[in-house]
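*Asks:* What follows is a single structure, and I will ask about it in a moment.
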Amino acid sequence: MRLSRYFLPVLKETPSEAQIVSHRLMLRAGMIKQNAAGIYSWLPLGFKVLKKIEQIVHEEQAKAGHIPMLMPTLQPADLWRESGRYDAYGPEMLRVTDRHERGLLYGPTNEEMITDIFRSHVSSYKALPLTLYHIQWKFRDEVRPRFGVMRGREFCMKDGYNFDLTQEDAFHAYNRHMVSYLRTYERMGLKAIPMRADSGPIGGDNTHEFLVLAETGESEVFYDAAITDLTFGDRSVDFDDRAACQAIVDEWTAPYARTDETHDAEMFDKVPEERRRTSRGIEVGQIFYFGTKYSEAMGATVVTPEGDRVPVHMGSHGIGVSRLVGAIIEASHDDKGIVWPEGVTPFHCGIVNLRQGDGDCDAACERVEAALIAMGLDPLYDDRDERAGAKFAGMDLIGLPWRITVGPRGLKDGKVELTCRRTGDSEEMGIDAAIDRIGQIYSVAS
Ligand code: P5A
């Protein structure tokens, strides 16, 4: 992409309405535009990151054997009357009446709708286990929408729902989700810690939230520092292997880690003092097992091998897709701007031309751009006629992890400069060497 042709409305001033750094940087970097309280347009740069996050979620869900689909944003009120949540959900639910006076609502979550789909089509245990999910916009009329996309009213969520014959099977689905989420967040450059939590309006007794530690987080958290040493890495997991999934869950749930809702001071005191931590966290996901709460209320039953008809065991599992964009920035920025982890960066590499219009510089930049595109990468070439300082400041603000700088002085010796956004380290090297290095970083061949 050529920056001269892109739509990147960066702001010079720091927006006064933004209280936390991710909100400020998303506005300044031209990623989002607020349209109403807690409702945002995703401008091209923000949209790209959102799609990268979605892609990682889809890939990791596929590995766990979960099946993608799409449900609508608007839902019939009657479905929610069946579960009893139409009134229970309270003023956070946006209720709408259509021209025929039929009640609709903008879905805050989809337990009822997916249970309705299930009961319409499944009646035998043979269809189980089954986990369906979608990535869709939700609406919750939060009292205090704030912090930009972190607590929006309209926000994007991945929500998945498992249907199982027995509680034991449903616990395995719960574990599968926990394991797949661990890798999902790690691929986004995040350390998200599963913590025992409270189930709120979704229901059930078994639930974990995934929290990213950050001063600006809305939840107070208590944990054993040992948990921050755990990494998932690229271990291969057989998601049908119950014992293997349970072992990973045990590994991650052994150290004490709870939100303030479930915090147990007595248990916390048993953690060696030097490892006890109190901090704040951003909730980027939550998984639930709620048994037959919805299936019983809505008649989602299957016939067992013995011929009995029983309600299915269910759970639901959410990832805050749009919140993650803010959470990643909270976890990865400096005073110059965003520092994208490679897994979610909107462009893989920036190309800065220090003398736009100079034949050699232009040709070298175009060669770098073409080579990166040929490798399947997505570079952003700043081809504007701007001062070097402004170009560097812009690249630092939008946070691309790598930058190749092309200037007349280096080019005399066939050299360009490769700069790492995170460390600020620069290295001079030949054009092909810089292209190769970017290829290696993103594991694509040149
Ligand atoms: C699980 C999936 C549920 O709704 N039903 C379907 C369950 N869980 S949840 O914890 O309430 O939400 C899942 C994740 O969505 C994000 N989230 C939000 N993001 C931005 N703005 C909001 N107002 C908002 N509310 C929830 C969180 O990351 C949460 O973990």
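In the structure tokens, the first chain shown is A, the next is B, and so on; residue numbers restart at 1 for each chain, and ligands run from 1 in the order shown.
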For A:Leu411, please output as a ChimeraX atom specification all residues within 9 Å (counting only C-alpha atoms; exclusion window: fewer than 5 positions along the same chain).
*Replies:* /A:360-361,364,406,416,430-431
*Asks:* Which residues of stretch 172-221 of chain A come within 7 Å of stretch 258-261 of chain A, and what is each one's closest atom pair and distance in Å (one decimal), counting only C-alpha atoms, sorted by chain and residue number, as CSV?
*Replies:*
residue,atom,partner,partner_atom,distance
A:Met195,CA,A:Arg258,CA,4.7
A:Arg196,CA,A:Arg258,CA,5.0
A:Ala197,CA,A:Thr259,CA,5.8
A:Asp198,CA,A:Glu261,CA,6.0
A:Ser219,CA,A:Thr259,CA,6.7
A:Glu220,CA,A:Asp260,CA,5.5
A:Val221,CA,A:Thr259,CA,4.4
*Asks:* Store the residues picked out above, limited to N, CA, C and O atoms, as an mmCIF file, in the first residue's frame.
*Replies:*
data_model
loop_
_atom_site.group_PDB
_atom_site.id
_atom_site.type_symbol
_atom_site.label_atom_id
_atom_site.label_comp_id
_atom_site.auth_asym_id
_atom_site.auth_seq_id
_atom_site.Cartn_x
_atom_site.Cartn_y
_atom_site.Cartn_z
ATOM 1 N N MET A 195 -8.244 -16.874 34.960
ATOM 2 C CA MET A 195 -8.501 -16.679 36.387
ATOM 3 C C MET A 195 -9.920 -17.110 36.707
ATOM 4 O O MET A 195 -10.850 -16.801 35.949
ATOM 5 N N ARG A 196 -10.053 -17.787 37.837
ATOM 6 C CA ARG A 196 -11.388 -18.194 38.278
ATOM 7 C C ARG A 196 -12.206 -16.925 38.514
ATOM 8 O O ARG A 196 -11.726 -15.972 39.117
ATOM 9 N N ALA A 197 -13.445 -16.929 37.999
ATOM 10 C CA ALA A 197 -14.207 -15.676 37.992
ATOM 11 C C ALA A 197 -15.658 -15.916 38.382
ATOM 12 O O ALA A 197 -16.034 -17.002 38.830
ATOM 13 N N ASP A 198 -16.456 -14.899 38.166
ATOM 14 C CA ASP A 198 -17.878 -14.952 38.487
ATOM 15 C C ASP A 198 -18.651 -15.032 37.167
ATOM 16 O O ASP A 198 -18.240 -14.432 36.179
ATOM 17 N N SER A 219 -10.526 -4.745 36.068
ATOM 18 C CA SER A 219 -10.705 -5.748 37.125
ATOM 19 C C SER A 219 -9.497 -5.746 38.051
ATOM 20 O O SER A 219 -8.349 -5.608 37.601
ATOM 21 N N GLU A 220 -9.767 -5.958 39.338
ATOM 22 C CA GLU A 220 -8.673 -6.144 40.278
ATOM 23 C C GLU A 220 -8.367 -7.640 40.312
ATOM 24 O O GLU A 220 -9.289 -8.463 40.374
ATOM 25 N N VAL A 221 -7.087 -7.978 40.249
ATOM 26 C CA VAL A 221 -6.733 -9.396 40.188
ATOM 27 C C VAL A 221 -5.661 -9.736 41.221
ATOM 28 O O VAL A 221 -4.857 -8.889 41.601
#
*Asks:* One number please: atom CA of A:Ala170 to atom CA of A:Gly315, in Å, one decimal.
*Replies:*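 Calculated distance between atom CA of A:Ala170 and atom CA of A:Gly315 is 7.1 Å.
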*Asks:* Give me the stretch 24-123 of chain A side of the contact with stretch 231-243 of chain A, cut-off 12 Å, one line per residue showing its nearest atom pair and distance in Å at one decimal, counting only C-alpha atoms, sorted by chain and residue number, as a Markdown table.
*Replies:*
| residue | atom | partner | partner_atom | distance |
| --- | --- | --- | --- | --- |
| A:Glu60 | CA | A:Phe239 | CA | 11.1 |
| A:Gln61 | CA | A:Phe239 | CA | 10.7 |
| A:Ala62 | CA | A:Phe239 | CA | 10.6 |
| A:Lys63 | CA | A:Phe239 | CA | 7.7 |
| A:Ala64 | CA | A:Phe239 | CA | 5.6 |
| A:Gly65 | CA | A:Phe239 | CA | 7.6 |
| A:His66 | CA | A:Phe239 | CA | 10.4 |
*Asks:* At a cut-off of 8 Å and counting only C-alpha atoms and all ligand atoms, what residues surround ligand 1? Please answer as a ChimeraX atom specification.
*Replies:* /A:108-111,139-142,145,149-161,199-202,209-210,282-288,316-324
*Asks:* Considering only strand (DSSP E) as DSSP defines it on the backbone, what residues of stretch 53-150 of chain A qualify? List them as a VMD selection string.
*Replies:* chain A and resid 67 to 68 74 to 76 94 to 97 103 to 106 130 to 139
*Asks:* Pick from A:Ala257, A:Val143, A:Val339, A:Val271: nearest to A:Thr423, with only C-alpha atoms counted?
*Replies:*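 The shortest atom-to-atom distance to A:Thr423 comes from A:Val339.
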*Asks:* Name the residues in contact with A:Thr278 at a cut-off of 12 Å, using only C-alpha atoms, excluding same-chain residues fewer than 2 positions from it; report them as a PyMOL selection string.
*Replies:* chain A and resi 213-215+219-225+256-260+263+265+268+273-276+280-281
*Asks:* For A:His58, which residue out of A:Asp335, A:Thr262, A:Leu132, A:His172 is the nearest one, using only C-alpha atoms?
*Replies:* A:Leu132
*Asks:* Can you tell me which residues surround A:Val249 at a distance of at most 8 Å, considering only C-alpha atoms, apart from same-chain residues fewer than 2 positions away, and format the answer as a VMD selection string?
*Replies:* chain A and resid 175 178 to 179 245 to 247 251 to 253
*Asks:* Here is a test: counting only C-alpha atoms, which residue of A:Leu25, A:Ala327, A:Ile438, A:Ile338 is nearest to A:Asp378?
*Replies:*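 Under the stated criterion, the closest residue is A:Ile438.
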*Asks:* Quick one: of A:Ala393, A:Ile117, A:Leu70, A:Leu377, who's nearest to A:Trp137, counting only C-alpha atoms?
*Replies:*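 Going through A:Ala393, A:Ile117, A:Leu70, A:Leu377 one by one, the smallest distance to A:Trp137 is for A:Leu70.
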*Asks:* Just the residues within 12 Å of A:Asp334, please, counting only C-alpha atoms, with nothing from its chain fewer than 5 positions along; format it as an mmCIF file with C-alpha atoms, in the first residue's frame.
*Replies:*
data_model
loop_
_atom_site.group_PDB
_atom_site.id
_atom_site.type_symbol
_atom_site.label_atom_id
_atom_site.label_comp_id
_atom_site.auth_asym_id
_atom_site.auth_seq_id
_atom_site.Cartn_x
_atom_site.Cartn_y
_atom_site.Cartn_z
ATOM 1 C CA VAL A 21 -3.279 5.253 26.256
ATOM 2 C CA SER A 22 -4.836 2.702 23.886
ATOM 3 C CA LEU A 25 -3.316 6.019 20.296
ATOM 4 C CA ILE A 329 -1.983 -1.560 22.578
ATOM 5 C CA VAL A 339 4.332 -1.235 18.962
ATOM 6 C CA TRP A 340 2.421 -4.004 17.154
ATOM 7 C CA ASP A 396 6.434 5.153 15.059
ATOM 8 C CA LEU A 397 2.881 6.235 15.898
ATOM 9 C CA ILE A 398 1.191 3.517 13.836
ATOM 10 C CA GLY A 399 3.654 1.001 15.258
ATOM 11 C CA ARG A 421 10.246 -0.611 16.287
ATOM 12 C CA ARG A 422 10.383 -2.364 19.653
ATOM 13 C CA THR A 423 14.081 -1.882 20.417
ATOM 14 C CA GLY A 424 14.750 1.097 18.174
#
*Asks:* When you look at A:Leu43 with a cut-off of 9 Å (counting only C-alpha atoms), what residues show up, excluding the ones that are within fewer than 5 positions of it in the same chain? I need them as a ChimeraX atom specification.
*Replies:* /A:7-9,30-33,48
*Asks:* Using DSSP on the backbone coordinates, identify the residues of stretch 192-277 of chain A assigned to alpha helix (DSSP H); present them as a list in words.
*Replies:*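 So, restricting stretch 192-277 of chain A to alpha helix (DSSP H), we get Arg242, Ala243, Ala244, Cys245, Gln246, Ala247, Ile248, Val249, Asp250, Glu251, Trp252, Thr253, Ala265, Glu266, Met267, Phe268 and Asp269 of chain A.
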*Asks:* Write the residues of the preceding selection, restricted to N, CA, C and O atoms, as a PDB file, in the first residue's frame.
*Replies:*
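Just written: result-v6.pdb:
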ATOM      1  N   ARG A 242      -8.342 -36.202  25.930  1.00  0.00           N
ATOM      2  CA  ARG A 242      -8.865 -35.550  27.152  1.00  0.00           C
ATOM      3  C   ARG A 242      -7.788 -35.356  28.193  1.00  0.00           C
ATOM      4  O   ARG A 242      -7.705 -34.301  28.822  1.00  0.00           O
ATOM      5  N   ALA A 243      -6.965 -36.399  28.368  1.00  0.00           N
ATOM      6  CA  ALA A 243      -5.942 -36.316  29.418  1.00  0.00           C
ATOM      7  C   ALA A 243      -4.938 -35.213  29.084  1.00  0.00           C
ATOM      8  O   ALA A 243      -4.511 -34.457  29.966  1.00  0.00           O
ATOM      9  N   ALA A 244      -4.595 -35.101  27.807  1.00  0.00           N
ATOM     10  CA  ALA A 244      -3.613 -34.086  27.411  1.00  0.00           C
ATOM     11  C   ALA A 244      -4.179 -32.680  27.653  1.00  0.00           C
ATOM     12  O   ALA A 244      -3.482 -31.792  28.163  1.00  0.00           O
ATOM     13  N   CYS A 245      -5.447 -32.477  27.285  1.00  0.00           N
ATOM     14  CA  CYS A 245      -6.060 -31.154  27.500  1.00  0.00           C
ATOM     15  C   CYS A 245      -6.160 -30.861  28.994  1.00  0.00           C
ATOM     16  O   CYS A 245      -5.864 -29.756  29.450  1.00  0.00           O
ATOM     17  N   GLN A 246      -6.560 -31.897  29.764  1.00  0.00           N
ATOM     18  CA  GLN A 246      -6.691 -31.698  31.215  1.00  0.00           C
ATOM     19  C   GLN A 246      -5.333 -31.330  31.829  1.00  0.00           C
ATOM     20  O   GLN A 246      -5.250 -30.462  32.700  1.00  0.00           O
ATOM     21  N   ALA A 247      -4.273 -31.968  31.330  1.00  0.00           N
ATOM     22  CA  ALA A 247      -2.945 -31.690  31.892  1.00  0.00           C
ATOM     23  C   ALA A 247      -2.560 -30.231  31.652  1.00  0.00           C
ATOM     24  O   ALA A 247      -1.983 -29.579  32.531  1.00  0.00           O
ATOM     25  N   ILE A 248      -2.900 -29.707  30.467  1.00  0.00           N
ATOM     26  CA  ILE A 248      -2.572 -28.302  30.177  1.00  0.00           C
ATOM     27  C   ILE A 248      -3.406 -27.385  31.070  1.00  0.00           C
ATOM     28  O   ILE A 248      -2.898 -26.413  31.642  1.00  0.00           O
ATOM     29  N   VAL A 249      -4.675 -27.718  31.208  1.00  0.00           N
ATOM     30  CA  VAL A 249      -5.543 -26.904  32.081  1.00  0.00           C
ATOM     31  C   VAL A 249      -5.008 -26.933  33.514  1.00  0.00           C
ATOM     32  O   VAL A 249      -4.933 -25.903  34.187  1.00  0.00           O
ATOM     33  N   ASP A 250      -4.597 -28.125  33.975  1.00  0.00           N
ATOM     34  CA  ASP A 250      -4.070 -28.237  35.346  1.00  0.00           C
ATOM     35  C   ASP A 250      -2.834 -27.360  35.524  1.00  0.00           C
ATOM     36  O   ASP A 250      -2.669 -26.694  36.545  1.00  0.00           O
ATOM     37  N   GLU A 251      -1.985 -27.389  34.484  1.00  0.00           N
ATOM     38  CA  GLU A 251      -0.753 -26.594  34.551  1.00  0.00           C
ATOM     39  C   GLU A 251      -1.084 -25.100  34.732  1.00  0.00           C
ATOM     40  O   GLU A 251      -0.466 -24.406  35.519  1.00  0.00           O
ATOM     41  N   TRP A 252      -2.107 -24.655  34.017  1.00  0.00           N
ATOM     42  CA  TRP A 252      -2.423 -23.225  34.028  1.00  0.00           C
ATOM     43  C   TRP A 252      -3.345 -22.803  35.160  1.00  0.00           C
ATOM     44  O   TRP A 252      -3.504 -21.614  35.407  1.00  0.00           O
ATOM     45  N   THR A 253      -3.980 -23.785  35.780  1.00  0.00           N
ATOM     46  CA  THR A 253      -4.898 -23.396  36.857  1.00  0.00           C
ATOM     47  C   THR A 253      -4.331 -23.736  38.237  1.00  0.00           C
ATOM     48  O   THR A 253      -4.944 -23.417  39.247  1.00  0.00           O
ATOM     49  N   ALA A 265      -8.960 -14.718  50.345  1.00  0.00           N
ATOM     50  CA  ALA A 265      -7.768 -14.198  51.034  1.00  0.00           C
ATOM     51  C   ALA A 265      -6.992 -15.314  51.730  1.00  0.00           C
ATOM     52  O   ALA A 265      -5.757 -15.314  51.739  1.00  0.00           O
ATOM     53  N   GLU A 266      -7.725 -16.296  52.274  1.00  0.00           N
ATOM     54  CA  GLU A 266      -7.054 -17.376  52.997  1.00  0.00           C
ATOM     55  C   GLU A 266      -6.174 -18.210  52.062  1.00  0.00           C
ATOM     56  O   GLU A 266      -5.038 -18.541  52.379  1.00  0.00           O
ATOM     57  N   MET A 267      -6.741 -18.510  50.869  1.00  0.00           N
ATOM     58  CA  MET A 267      -5.958 -19.294  49.900  1.00  0.00           C
ATOM     59  C   MET A 267      -4.768 -18.489  49.383  1.00  0.00           C
ATOM     60  O   MET A 267      -3.679 -19.012  49.170  1.00  0.00           O
ATOM     61  N   PHE A 268      -5.016 -17.209  49.179  1.00  0.00           N
ATOM     62  CA  PHE A 268      -3.965 -16.333  48.648  1.00  0.00           C
ATOM     63  C   PHE A 268      -2.783 -16.274  49.633  1.00  0.00           C
ATOM     64  O   PHE A 268      -1.622 -16.231  49.220  1.00  0.00           O
ATOM     65  N   ASP A 269      -3.097 -16.299  50.912  1.00  0.00           N
ATOM     66  CA  ASP A 269      -2.052 -16.232  51.937  1.00  0.00           C
ATOM     67  C   ASP A 269      -1.123 -17.439  51.898  1.00  0.00           C
ATOM     68  O   ASP A 269      -0.006 -17.387  52.409  1.00  0.00           O
TER      69      ASP A 269
END
